[in-house]
Structure formats: C-alpha cells, structure tokens
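What follows is the content of structure.tsv, which has TSV, C-alpha atoms:
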```tsv
chain	number	residue	atom	x	y	z
H	476	MET	CA	-13.73	12.31	4.45
H	477	THR	CA	-14.36	14.81	7.18
H	478	SER	CA	-14.26	12.09	9.77
H	479	ALA	CA	-10.89	11.01	8.45
H	480	ILE	CA	-9.58	14.54	8.74
H	481	GLN	CA	-10.86	14.81	12.28
H	482	GLN	CA	-9.21	11.52	13.10
H	483	ARG	CA	-5.94	12.82	11.87
H	484	ARG	CA	-6.11	15.74	14.18
H	485	GLY	CA	-6.36	13.19	16.96
H	486	GLY	CA	-2.62	12.82	16.72
H	487	TYR	CA	-0.43	9.82	16.19
H	488	LEU	CA	-2.37	7.61	13.83
H	489	ASP	CA	-1.68	8.47	10.21
H	490	ARG	CA	-4.83	8.35	8.09
H	491	PRO	CA	-3.99	9.54	4.60
H	492	SER	CA	-7.08	11.03	3.04
H	493	PRO	CA	-7.31	10.80	0.16
H	494	SER	CA	-4.96	7.88	-0.16
H	495	SER	CA	-2.11	8.25	-2.59
H	496	LEU	CA	-2.29	6.38	-5.84
H	497	ALA	CA	0.45	4.04	-4.71
H	498	ASP	CA	-1.59	3.18	-1.64
H	499	VAL	CA	-4.66	2.46	-3.73
H	500	VAL	CA	-2.65	0.20	-5.99
H	501	GLU	CA	-1.21	-1.65	-3.06
H	502	VAL	CA	-4.57	-2.16	-1.41
H	503	ILE	CA	-6.56	-3.33	-4.41
H	504	LEU	CA	-4.26	-4.81	-7.02
H	505	ASP	CA	-4.72	-8.53	-7.52
H	506	LYS	CA	-7.35	-8.69	-4.82
H	507	GLY	CA	-11.04	-9.36	-5.02
H	508	LEU	CA	-13.03	-12.19	-6.52
H	509	VAL	CA	-11.65	-13.47	-9.81
H	510	ILE	CA	-14.10	-14.20	-12.61
H	511	ASP	CA	-12.63	-16.62	-15.15
H	512	ALA	CA	-14.91	-15.53	-17.96
H	513	TYR	CA	-13.66	-12.03	-18.21
H	514	VAL	CA	-11.33	-10.41	-20.64
H	515	ARG	CA	-8.34	-9.43	-18.58
H	516	VAL	CA	-7.48	-5.85	-19.38
H	517	SER	CA	-3.98	-4.59	-19.87
H	518	LEU	CA	-2.67	-2.94	-16.76
H	519	VAL	CA	-0.09	-0.75	-18.47
H	520	GLY	CA	2.67	-2.33	-16.50
H	521	ILE	CA	1.17	-1.68	-13.09
H	522	GLU	CA	1.59	-5.28	-11.98
H	523	LEU	CA	5.17	-5.33	-13.13
H	524	LEU	CA	5.91	-2.19	-11.15
H	525	THR	CA	4.49	-3.72	-8.03
H	526	ILE	CA	6.69	-6.75	-8.44
H	527	ASP	CA	9.66	-4.50	-9.00
H	528	ALA	CA	9.01	-2.67	-5.79
H	529	ARG	CA	9.03	-5.93	-3.87
H	530	ILE	CA	12.24	-7.12	-5.42
H	531	VAL	CA	13.96	-4.01	-4.16
H	532	ILE	CA	14.00	-5.38	-0.60
H	533	ALA	CA	16.98	-7.66	-0.95
H	534	SER	CA	19.02	-5.69	-3.41
H	535	VAL	CA	22.33	-3.90	-3.34
H	536	ASP	CA	20.36	-0.75	-4.00
H	537	THR	CA	18.46	-1.20	-0.76
H	538	TYR	CA	21.60	-1.96	1.19
H	539	LEU	CA	23.28	1.14	-0.15
H	540	ARG	CA	20.34	3.29	0.85
H	541	PHE	CA	20.41	1.90	4.36
H	542	ALA	CA	24.14	2.38	4.54
H	543	GLU	CA	23.66	5.97	3.47
H	544	ALA	CA	20.98	6.48	6.09
H	545	THR	CA	23.17	4.94	8.74
H	546	ASN	CA	26.13	7.08	7.83
H	547	ARG	CA	23.94	10.16	7.79
H	548	LEU	CA	22.78	9.30	11.28
H	549	ASP	CA	26.39	9.14	12.34
H	550	LEU	CA	27.09	12.62	11.02
H	551	TYR	CA	23.94	13.96	12.58
H	552	GLU	CA	25.09	12.78	15.97
H	553	HIS	CA	28.31	14.67	15.43
H	554	GLY	CA	26.45	17.85	14.64
H	555	GLY	CA	26.71	17.99	10.85
H	556	LYS	CA	24.81	21.05	9.73
H	557	ASP	CA	22.64	20.19	6.74
H	558	LEU	CA	22.32	16.63	7.90
H	559	GLY	CA	20.96	17.91	11.15
H	560	ASP	CA	18.32	19.81	9.26
H	561	LEU	CA	17.44	16.74	7.30
H	562	ALA	CA	17.08	14.59	10.38
H	563	GLN	CA	14.92	17.25	11.94
H	564	SER	CA	12.60	17.32	8.98
H	565	VAL	CA	12.31	13.55	9.06
H	566	THR	CA	11.39	13.69	12.73
H	567	LYS	CA	8.83	16.39	12.16
H	568	GLY	CA	7.42	14.43	9.26
H	569	GLY	CA	6.67	11.54	11.56
H	570	ALA	CA	3.44	12.97	12.88
H	571	GLU	CA	2.31	13.99	9.44
H	572	GLY	CA	2.99	10.73	7.76
H	573	LYS	CA	5.66	12.15	5.55
H	574	VAL	CA	7.89	9.59	3.98
H	575	GLY	CA	11.17	9.33	5.77
H	576	GLY	CA	13.92	9.80	3.27
H	577	ALA	CA	15.28	7.68	0.51
H	578	ILE	CA	14.44	4.36	2.10
H	579	ASP	CA	10.94	4.56	0.76
H	580	ALA	CA	12.14	4.56	-2.80
H	581	GLY	CA	10.49	1.30	-3.79
H	582	LYS	CA	7.02	2.54	-3.20
H	583	GLN	CA	7.90	6.00	-4.38
H	584	LYS	CA	8.87	4.50	-7.67
H	585	VAL	CA	5.49	2.88	-8.12
H	586	GLY	CA	3.79	6.17	-7.44
H	587	GLU	CA	6.01	8.14	-9.80
H	588	LEU	CA	5.71	5.74	-12.65
H	589	LEU	CA	1.99	5.43	-12.26
H	590	HIS	CA	1.65	9.15	-12.42
H	591	GLY	CA	3.87	9.09	-15.44
H	592	SER	CA	1.64	6.63	-17.22
H	593	ASP	CA	-1.42	8.64	-16.47
H	594	ASP	CA	-0.86	11.83	-18.32
H	595	ASP	CA	-4.31	12.56	-19.60
H	596	GLU	CA	-6.49	15.44	-18.57
H	597	GLU	CA	-8.04	13.55	-15.72
H	598	ASP	CA	-4.92	13.80	-13.68
H	599	ASP	CA	-6.66	15.15	-10.64
H	600	SER	CA	-5.67	12.10	-8.69
H	601	PRO	CA	-4.66	12.66	-5.09
H	602	PRO	CA	-1.41	14.59	-4.76
H	603	SER	CA	0.45	11.69	-3.28
H	604	SER	CA	0.13	13.13	0.17
H	605	ARG	CA	2.48	10.77	1.91
H	606	ALA	CA	5.41	11.34	-0.37
H	607	SER	CA	5.58	15.08	-0.50
H	608	GLY	CA	9.16	15.53	0.65
H	609	ASP	CA	10.50	15.69	-2.86
H	610	GLY	CA	12.41	18.86	-2.31
H	611	GLN	CA	14.89	17.02	-0.20
H	612	ARG	CA	17.81	15.00	-1.31
H	613	ARG	CA	15.78	12.03	-2.34
H	614	SER	CA	17.83	9.92	-4.66
H	615	ARG	CA	15.72	8.82	-7.56
H	616	PRO	CA	15.44	5.08	-7.52
H	617	ARG	CA	17.51	3.54	-10.22
H	618	LYS	CA	15.33	1.21	-12.13
H	619	ALA	CA	18.12	-0.72	-13.74
H	620	ALA	CA	19.73	-1.43	-10.41
H	621	ALA	CA	16.50	-2.74	-9.02
H	622	ARG	CA	15.85	-4.93	-12.03
H	623	ARG	CA	19.25	-6.47	-12.11
H	624	ARG	CA	18.74	-7.72	-8.59
H	625	PRO	CA	22.26	-8.62	-7.60
H	626	GLN	CA	22.35	-11.09	-4.77
H	627	PRO	CA	25.50	-10.49	-2.84
H	628	ASP	CA	24.61	-12.88	-0.06
H	629	GLU	CA	24.26	-15.92	-2.27
H	630	GLY	CA	26.81	-18.58	-1.68
H	631	GLU	CA	28.33	-16.89	1.28
S	220	MET	CA	-29.40	7.41	-20.71
S	221	THR	CA	-29.83	4.58	-23.16
S	222	THR	CA	-27.92	1.40	-22.70
S	223	SER	CA	-27.26	-0.63	-25.78
S	224	VAL	CA	-27.56	-4.34	-25.27
S	225	VAL	CA	-24.20	-4.98	-26.90
S	226	ALA	CA	-22.30	-2.35	-24.92
S	227	PRO	CA	-19.36	-3.87	-23.01
S	228	CYS	CA	-19.78	-3.86	-19.24
S	229	TYR	CA	-17.14	-3.24	-16.63
S	230	VAL	CA	-18.08	-5.07	-13.43
S	231	PHE	CA	-16.93	-3.61	-10.12
S	232	GLY	CA	-18.49	-6.06	-7.74
S	233	VAL	CA	-21.63	-7.81	-6.62
S	234	VAL	CA	-24.30	-6.74	-4.15
S	235	ARG	CA	-27.76	-7.93	-3.25
S	236	ALA	CA	-30.50	-7.00	-5.71
S	237	GLY	CA	-32.42	-3.86	-4.82
S	238	THR	CA	-29.39	-2.04	-3.40
S	239	PRO	CA	-29.51	1.69	-4.14
S	240	VAL	CA	-26.69	3.00	-6.35
S	241	PRO	CA	-24.81	5.79	-4.55
S	242	ALA	CA	-23.67	8.90	-6.37
S	243	VAL	CA	-20.00	8.51	-7.24
S	244	ASP	CA	-17.74	11.15	-8.67
S	245	ALA	CA	-15.34	8.88	-10.48
S	246	ALA	CA	-13.85	8.63	-13.94
S	247	GLY	CA	-13.09	5.80	-16.35
S	248	PRO	CA	-15.41	2.81	-16.20
S	249	ALA	CA	-17.66	4.49	-13.60
S	250	ALA	CA	-19.63	6.14	-16.40
S	251	GLY	CA	-23.24	5.02	-16.53
S	252	LEU	CA	-22.97	3.32	-13.16
S	253	ARG	CA	-25.89	0.96	-12.61
S	254	LEU	CA	-26.92	-2.43	-11.34
S	255	VAL	CA	-27.55	-5.43	-13.55
S	256	GLU	CA	-29.78	-7.72	-11.56
S	257	ALA	CA	-30.60	-11.41	-11.72
S	258	GLY	CA	-32.75	-12.87	-9.01
S	259	ASP	CA	-31.43	-11.87	-5.59
S	260	LEU	CA	-28.03	-10.77	-6.92
S	261	ALA	CA	-26.90	-7.62	-8.68
S	262	ALA	CA	-23.67	-6.71	-10.44
S	263	ILE	CA	-22.33	-3.15	-10.11
S	264	VAL	CA	-21.72	-2.22	-13.72
S	265	GLY	CA	-20.27	0.73	-15.59
S	266	SER	CA	-19.46	1.54	-19.20
S	267	PRO	CA	-15.74	1.42	-20.02
S	268	PRO	CA	-14.30	4.26	-22.09
S	269	GLY	CA	-14.75	3.52	-25.77
S	270	ASP	CA	-11.70	5.39	-27.00
S	271	ARG	CA	-8.91	3.69	-25.09
S	272	PRO	CA	-8.14	0.38	-23.38
S	273	LEU	CA	-8.77	0.03	-19.68
S	274	GLY	CA	-5.85	-0.14	-17.31
S	275	ARG	CA	-4.83	3.37	-16.51
S	276	ALA	CA	-4.36	4.65	-13.03
S	277	VAL	CA	-7.67	6.54	-13.21
S	278	ASP	CA	-9.44	3.25	-13.92
S	279	LEU	CA	-7.88	1.62	-10.89
S	280	VAL	CA	-8.83	4.58	-8.71
S	281	ALA	CA	-12.38	4.53	-10.10
S	282	HIS	CA	-12.66	0.84	-9.23
S	283	ASP	CA	-11.81	1.67	-5.64
S	284	GLN	CA	-14.00	4.78	-5.49
S	285	VAL	CA	-17.11	3.03	-6.78
S	286	LEU	CA	-16.79	0.07	-4.44
S	287	GLY	CA	-15.87	2.42	-1.61
S	288	ALA	CA	-19.05	4.44	-2.18
S	289	PHE	CA	-21.17	1.30	-1.78
S	290	VAL	CA	-19.31	0.42	1.41
S	291	ALA	CA	-19.74	3.96	2.73
S	292	ALA	CA	-23.48	3.65	2.11
S	293	GLY	CA	-23.57	0.62	4.38
S	294	THR	CA	-23.92	-1.96	1.63
S	295	THR	CA	-22.43	-5.44	1.73
S	296	VAL	CA	-20.21	-5.73	-1.34
S	297	VAL	CA	-18.21	-8.53	-2.90
S	298	PRO	CA	-15.47	-6.75	-4.85
S	299	LEU	CA	-14.30	-8.33	-8.08
S	300	GLN	CA	-10.67	-8.15	-8.99
S	301	PHE	CA	-9.84	-5.09	-11.08
S	302	GLY	CA	-10.32	-5.74	-14.76
S	303	ALA	CA	-13.57	-7.64	-15.13
S	304	LEU	CA	-14.83	-6.62	-18.56
S	305	LEU	CA	-17.71	-8.52	-20.13
S	306	ALA	CA	-19.21	-8.33	-23.59
S	307	ASP	CA	-22.66	-7.12	-22.57
S	308	GLU	CA	-25.29	-7.23	-19.85
S	309	SER	CA	-26.47	-10.72	-20.72
S	310	ALA	CA	-22.90	-11.99	-20.25
S	311	VAL	CA	-22.87	-10.33	-16.83
S	312	VAL	CA	-26.06	-12.13	-15.91
S	313	GLU	CA	-24.96	-15.49	-17.27
S	314	ASP	CA	-21.22	-15.67	-16.64
S	315	ILE	CA	-21.21	-13.97	-13.26
S	316	LEU	CA	-24.59	-13.81	-11.54
S	317	THR	CA	-25.87	-17.18	-12.72
S	318	VAL	CA	-22.83	-19.42	-13.11
S	319	ARG	CA	-21.19	-18.09	-9.96
S	320	GLY	CA	-24.42	-17.40	-8.10
S	321	ASP	CA	-23.98	-19.81	-5.20
S	322	GLU	CA	-20.42	-18.74	-4.64
S	323	LEU	CA	-21.40	-15.06	-4.70
S	324	ARG	CA	-24.17	-15.63	-2.16
S	325	ALA	CA	-21.67	-17.38	0.09
S	326	GLU	CA	-19.21	-14.49	-0.28
S	327	LEU	CA	-21.91	-11.92	0.52
S	328	GLU	CA	-22.75	-13.96	3.59
S	329	LYS	CA	-19.11	-14.13	4.62
S	330	VAL	CA	-18.47	-10.41	4.22
S	331	GLY	CA	-21.71	-9.77	6.06
S	332	ASP	CA	-21.63	-6.56	8.00
S	333	CYS	CA	-17.85	-6.22	7.90
S	334	VAL	CA	-15.50	-3.75	6.27
S	335	GLN	CA	-11.81	-4.00	5.61
S	336	TYR	CA	-9.13	-1.84	7.11
S	337	THR	CA	-5.54	-1.95	6.02
S	338	VAL	CA	-2.95	-1.23	8.68
S	339	LYS	CA	0.65	-0.44	7.92
S	340	VAL	CA	3.26	-0.22	10.60
S	341	ARG	CA	6.77	0.97	9.85
S	342	TYR	CA	9.84	1.74	11.83
S	343	GLU	CA	10.68	5.38	12.06
S	344	GLN	CA	13.96	5.42	10.22
S	345	ASP	CA	16.25	7.25	12.60
S	346	GLU	CA	14.77	5.60	15.67
S	347	VAL	CA	15.34	2.08	14.43
S	348	LEU	CA	18.78	2.87	13.07
S	349	ARG	CA	19.85	4.21	16.46
S	350	GLU	CA	18.44	1.10	18.08
S	351	VAL	CA	20.31	-1.19	15.71
S	352	LEU	CA	23.60	0.66	16.20
S	353	ALA	CA	23.22	0.57	19.96
S	354	ALA	CA	22.50	-3.15	19.97
S	355	HIS	CA	25.18	-4.08	17.43
S	356	PRO	CA	28.53	-2.43	18.08
S	357	GLU	CA	30.04	-4.46	15.23
S	358	ILE	CA	27.66	-2.74	12.82
S	359	ALA	CA	28.36	0.66	14.29
S	360	ARG	CA	32.07	0.08	13.65
S	361	LEU	CA	31.40	-0.35	9.93
S	362	ARG	CA	30.09	3.14	9.51
S	363	ARG	CA	32.02	5.17	7.01
S	364	ARG	CA	33.76	8.30	8.13
S	365	SER	CA	34.44	9.76	4.72
S	366	ASP	CA	32.88	9.62	1.31
S	367	SER	CA	35.12	7.98	-1.20
S	368	ASP	CA	34.14	6.16	-4.34
S	369	SER	CA	36.65	3.39	-4.09
S	370	ALA	CA	35.58	-0.18	-4.64
S	371	GLU	CA	36.46	-0.92	-1.06
S	372	SER	CA	34.15	1.81	0.12
S	373	PHE	CA	31.35	0.45	-2.05
S	374	ASP	CA	31.69	-3.06	-0.70
S	375	ARG	CA	31.81	-1.74	2.80
S	376	SER	CA	28.62	0.23	2.26
S	377	VAL	CA	26.82	-2.79	0.86
S	378	ARG	CA	27.95	-4.86	3.80
S	379	LEU	CA	26.88	-2.19	6.27
S	380	GLY	CA	23.49	-1.79	4.64
S	381	GLU	CA	22.92	-5.52	4.53
S	382	LEU	CA	23.74	-5.94	8.20
S	383	VAL	CA	21.47	-3.05	9.12
S	384	VAL	CA	18.62	-4.48	7.05
S	385	ARG	CA	19.03	-7.90	8.65
S	386	ALA	CA	19.18	-6.44	12.12
S	387	ILE	CA	15.94	-4.59	11.47
S	388	GLU	CA	14.34	-7.75	10.11
S	389	GLU	CA	15.20	-9.51	13.36
S	390	LEU	CA	13.19	-6.94	15.27
S	391	ARG	CA	10.14	-7.30	13.05
S	392	PRO	CA	8.33	-10.46	14.26
S	393	ALA	CA	8.13	-9.36	17.89
S	394	ASP	CA	6.99	-5.85	17.01
S	395	ALA	CA	4.43	-7.08	14.50
S	396	GLY	CA	3.04	-9.50	17.07
S	397	THR	CA	2.81	-6.79	19.70
S	398	VAL	CA	0.85	-4.44	17.47
S	399	LEU	CA	-1.47	-7.21	16.26
S	400	ASP	CA	-2.20	-8.15	19.86
S	401	GLU	CA	-2.96	-4.56	20.73
S	402	ILE	CA	-5.31	-4.17	17.78
S	403	GLY	CA	-7.20	-7.37	18.63
S	404	GLY	CA	-10.92	-7.88	18.32
S	405	VAL	CA	-11.21	-8.27	14.56
S	406	ALA	CA	-13.17	-10.82	12.56
S	407	ASP	CA	-10.28	-11.90	10.36
S	408	VAL	CA	-6.70	-10.94	9.58
S	409	HIS	CA	-4.63	-11.29	6.44
S	410	VAL	CA	-0.98	-10.42	6.94
S	411	HIS	CA	1.02	-9.50	3.85
S	412	ASP	CA	4.71	-10.01	3.35
S	413	ALA	CA	6.87	-7.04	4.11
S	414	SER	CA	7.57	-4.97	1.02
S	415	ALA	CA	10.35	-2.85	2.47
S	416	PRO	CA	12.97	-3.54	5.13
S	417	GLU	CA	11.47	-1.05	7.55
S	418	ASP	CA	7.97	-2.51	7.27
S	419	VAL	CA	6.85	-3.96	10.56
S	420	LEU	CA	3.37	-5.05	9.60
S	421	ASN	CA	1.15	-4.76	6.56
S	422	ALA	CA	-2.17	-6.40	7.30
S	423	ALA	CA	-5.74	-6.38	6.08
S	424	LEU	CA	-8.23	-6.61	8.90
S	425	LEU	CA	-11.88	-7.54	8.63
S	426	VAL	CA	-13.90	-5.53	11.15
S	427	GLU	CA	-17.59	-5.51	11.93
S	428	ARG	CA	-19.14	-2.12	11.30
S	429	GLY	CA	-20.39	-1.99	14.87
S	430	GLN	CA	-16.83	-2.48	16.11
S	431	ALA	CA	-15.22	0.04	13.78
S	432	ASP	CA	-15.10	2.94	16.23
S	433	ALA	CA	-13.57	0.85	18.99
S	434	PHE	CA	-11.12	-0.61	16.50
S	435	GLU	CA	-10.02	2.84	15.35
S	436	ARG	CA	-9.59	3.96	18.95
S	437	ARG	CA	-7.40	0.95	19.71
S	438	LEU	CA	-5.25	1.79	16.73
S	439	GLU	CA	-4.97	5.41	17.80
S	440	ASN	CA	-3.86	4.23	21.23
S	441	ALA	CA	-1.31	1.87	19.72
S	442	ALA	CA	0.01	4.64	17.48
S	443	GLN	CA	0.45	6.90	20.50
S	444	ALA	CA	2.03	4.19	22.63
S	445	HIS	CA	4.64	3.34	20.00
S	446	HIS	CA	5.40	6.88	18.90
S	447	PRO	CA	8.03	7.78	17.76
S	448	ARG	CA	9.55	4.35	17.23
S	449	LEU	CA	6.75	3.02	15.04
S	450	ARG	CA	4.58	4.88	12.59
S	451	ILE	CA	1.13	3.41	12.15
S	452	SER	CA	-1.04	4.20	9.14
S	453	LEU	CA	-4.65	3.23	8.71
S	454	PHE	CA	-6.51	2.92	5.39
S	455	GLY	CA	-10.21	2.30	5.14
S	456	PRO	CA	-12.90	1.39	5.75
S	457	SER	CA	-12.82	-0.21	2.31
S	458	PRO	CA	-14.41	-3.21	0.58
S	459	ALA	CA	-13.22	-6.59	1.79
S	460	TYR	CA	-10.69	-6.93	-1.02
S	461	ASP	CA	-8.52	-9.33	0.92
S	462	PHE	CA	-11.25	-11.56	2.22
S	463	VAL	CA	-13.20	-12.65	-0.84
S	464	GLY	CA	-12.29	-15.37	-3.29
S	465	ARG	CA	-9.94	-17.07	-0.86
S	466	THR	CA	-10.20	-20.80	-1.12
```
Output the structure of this file as structure tokens.
Amino acid sequence: MTSAIQQRRGGYLDRPSPSSLADVVEVILDKGLVIDAYVRVSLVGIELLTIDARIVIASVDTYLRFAEATNRLDLYEHGGKDLGDLAQSVTKGGAEGKVGGAIDAGKQKVGELLHGSDDDEEDDSPPSSRASGDGQRRSRPRKAAARRRPQPDEGE
Amino acid sequence: MTTSVVAPCYVFGVVRAGTPVPAVDAAGPAAGLRLVEAGDLAAIVGSPPGDRPLGRAVDLVAHDQVLGAFVAAGTTVVPLQFGALLADESAVVEDILTVRGDELRAELEKVGDCVQYTVKVRYEQDEVLREVLAAHPEIARLRRRSDSDSAESFDRSVRLGELVVRAIEELRPADAGTVLDEIGGVADVHVHDASAPEDVLNAALLVERGQADAFERRLENAAQAHHPRLRISLFGPSPAYDFVGRT
C-alpha cells in the first residue's frame, strides 16, 4: 500500500489505493477459473448491474449526457461563471483521478447500488476514492432510462 | 479453531501445497482461512458466513483481498471465479483438486511468476470534446445556445450527443494502439470492450514479477506523455484473473 501511495506522488499515473468497490467488481467479476461442481451463489444483482452499466453506452441517456457536456464546454469558452468553476474542478481532478462529471454515470451507478446493497455493519469498504465529486451537479443516473435502452440509430 | 468435516467451504483459488497462508484482514468467507491440500496442490479455503447467503459486496472484496494477499506474498495463484462454495473439505479435494488436478497444474504453470495489472485509459472529458468540436465543425454547429425543453431541443441534444460519442469512438483505436505499444514488454494482454464512450483502453496485462518495476515506469511515462488528453489508471498487481480458465 505504501508503495502505491508513493507511486501516486510520482505524478500522472493514477493508482487508486485502495481501489473503489466498483473497480474491484469490474476487475474480478466473472473472471477466474470456473469449477462446474460448485453451488453458484446469488450475487444480489451485481452481475445485472454490470450488464446495465455496459448497456448505457449506446443509449439516449448517454447521448444526452454528452450533449450536456458539450454545451457546457461551449458556455465555458464564453466565460460562463459557475460553468467555469466546474470546468476548472474537472481539470484539477485530472491529476487526482477524480471522475470527470456526469459522463461517468454508468460506473457510478454500479458503485452506488453496490454500496446500497451492502448496508451491514461491515461497511468499511473503501470510500470510493475515484468518485468523490458528489457535491457537484452530478445528475443521478436514471435507471429506467438505461434499462429501456432506446435505439435511436436503428433503421436510419 | 476446530473445523467440522461437514462445514461448507468457500474456495478462493488454488496454490501449490506447502504454501504459507498470509495474514489477511478480510471479512465474509475469509474467516478460518486455511489450505486444504491434496498431493502437490492446495485449495485456499475459508468458512462462509452461516447466517446469510454469500454474494454481498464484502464477500466480493474479501475474495479479492485474500487472493491479493497470496500474490503480494510472492505466491503463484490460480484464482477461481467468485462464488465457489463446496459442501465440505472432502468435496474440495475430490471435485477440485483431484478431478481438475491436471488442469490446475497447467494453470499454475501458465501463471508462473506473473501477476496481472489492469490498465484503464480514458479521454479527459473537456480535452476530447474540444478536439471533437475542432475537427467537426458540423458538430460544433449543433450546440445549443439556450436551454429549452421543447421536443425539438431534445431531439437536437440526442443528435448532438450521438455525433459526439461517435466522433470519440473514431479516435479510440489509434489511441488505444499507441498506448499499448508504449506499454509493451508484457507476457500476455487481454483487451476488454469499452464500457463507456470515453474509454480508450481497458486491458488486463500479464507481467512477470521481475519486469513489474520497468512496466510501472513505462506506464508512468505514458501517463505523463499523454497528460492531459488521456488519463491512465493502473490497478494491481493482482491475481491473474483474466488469464486462467481461458480455452
């Protein structure tokens, strides 16, 4: 752990330590040697959440978030006040591995819901270090929108 | 600690017999962490909680922490997929160590003295958006000047976002290739599909322990060279999750 912290001080490479829960899920879920004989345990929806997060890529929800980000960029260039502050915080966050705005909502959702499903006393899991910018105007991902998965580009 | 013969066993992974068990501060199925040995193989085994089903986030984290502790101790580990729960120790010996013995030996051989790193490369949001707008004037023209909730405005936003996402996706292959080339010198690579539009690369890399320092330095250099356009994150060293059980 100390070596990881020292590495971080090195500068540009982001080495989250400890990794956030969402990162752990992403790294280990559905990987490793499969043993047929075992009783597969219930994953309390973790697998489903992961699939959900992937579906988000080609959804209207994603497009809207990128449109929002693009429009915000526009205003920032024209000197909009709060938007300037926001852009600045995103830039600063770069070196610290902070998540850059609403675009990360897919993964954020996995993290949030996992925390939600883990409400027992052992909740000393890593404070999802990468996604700590909650104070900002992060739009909560809308689950229903992600699930519905409209496909506007079909048949065009 | 007494271990009942009929106690269910959670199996984390497989190591060579005689491997010391590291101290692990983990919850869930990591209780009573021990090895169940058969011949030259040993299963890393813990006792699952008796009062609730497995599958909570703490269990998943414990799975990673236990295997990670073996890797940190320099042990060659074959990680099992999360969720391997067997009836008792004799089932561990028979169903895993015996029936799958040859395969497990081959996997241990394959992992050898390597560890896994996971590298994630993403576009820095504002940087890539500026790049896209500069390269695509037709996209820049679609930007909205005022916030209105009309249906027309909605459609326009969807269209804008879709074009931006596609423009970013067009940048991805070249950037992913560049970073992979710069990383170089790894034993094996497993590239995952992008899970977000701004993902450039999400790859598991198998690296020999002796090469780990040089590998980390190359990544640090790449992260510096591509700053601020790309943000590079490194996870690991971890067990070779991505490189076992692949047929």
Excluding Lys506 in chain H and its own-chain neighbours fewer than 3 positions away, which residues fall within 10 Å of it when counting only C-alpha atoms? Please give them as a PyMOL selection string. (chain H and resi 501-503+509) or (chain S and resi 298-301+459-465)
Keeping C-alpha atoms, export the residues of the selection given above as an mmCIF file, in the coordinates of the input.
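And here's result-v1.cif as it stands now:
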```
data_model
loop_
_atom_site.group_PDB
_atom_site.id
_atom_site.type_symbol
_atom_site.label_atom_id
_atom_site.label_comp_id
_atom_site.auth_asym_id
_atom_site.auth_seq_id
_atom_site.Cartn_x
_atom_site.Cartn_y
_atom_site.Cartn_z
ATOM 1 C CA GLU H 501 -1.210 -1.650 -3.060
ATOM 2 C CA VAL H 502 -4.570 -2.160 -1.410
ATOM 3 C CA ILE H 503 -6.560 -3.330 -4.410
ATOM 4 C CA VAL H 509 -11.650 -13.470 -9.810
ATOM 5 C CA PRO S 298 -15.470 -6.750 -4.850
ATOM 6 C CA LEU S 299 -14.300 -8.330 -8.080
ATOM 7 C CA GLN S 300 -10.670 -8.150 -8.990
ATOM 8 C CA PHE S 301 -9.840 -5.090 -11.080
ATOM 9 C CA ALA S 459 -13.220 -6.590 1.790
ATOM 10 C CA TYR S 460 -10.690 -6.930 -1.020
ATOM 11 C CA ASP S 461 -8.520 -9.330 0.920
ATOM 12 C CA PHE S 462 -11.250 -11.560 2.220
ATOM 13 C CA VAL S 463 -13.200 -12.650 -0.840
ATOM 14 C CA GLY S 464 -12.290 -15.370 -3.290
ATOM 15 C CA ARG S 465 -9.940 -17.070 -0.860
#
```
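Shortest atom-to-atom contact with Leu273 in chain S among S:Ala249, S:Arg437, S:Leu260, S:Leu286: S:Ala249, counting all atoms listed in the file.
For the choices S:Asp314, S:Glu308, S:Glu401, S:Asp278, the atom-to-atom distance to chain H is smallest for S:Asp314 when using only C-alpha atoms.
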In Å to one decimal, how far is CA of Leu390 in chain S from CA of Ala444 in chain S?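 That distance, rounded to one decimal, is 17.4 Å.
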Of the candidates S:Val280, S:Ala353, S:Ala325, S:Val408, which shows the shortest atom-to-atom distance to chain H, using all atoms listed in the file? S:Val280
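Computed from the coordinates, the CA of Ala413 in chain S to CA of Val499 in chain H distance equals 16.9 Å.
Take CA of His355 in chain S and CA of Arg385 in chain S: the distance between them is 11.4 Å.
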Residues of chain S near chain H: apply a cut-off of 6 Å, count all atoms listed in the file, and supply the list as a list in words. Gly274, Pro298, Leu299, Gln300, Gly302, Ala303, Leu304, Leu305, Arg362, Ser376, Val377, Leu379, Gly380, Glu381, Ser414, Ala415, Glu439, Ala442, Gln443, Ile451, Ser452, Leu453, Tyr460, Asp461, Val463 and Gly464 of chain S
Identify the residues around (-25.1, -9.1, 5.2) within a radius of 12 Å, measuring from all atoms listed in the file in the coordinates stated by the file, and give them as a ChimeraX atom specification. /S:234-235,238,290,293-297,324-334,427-428
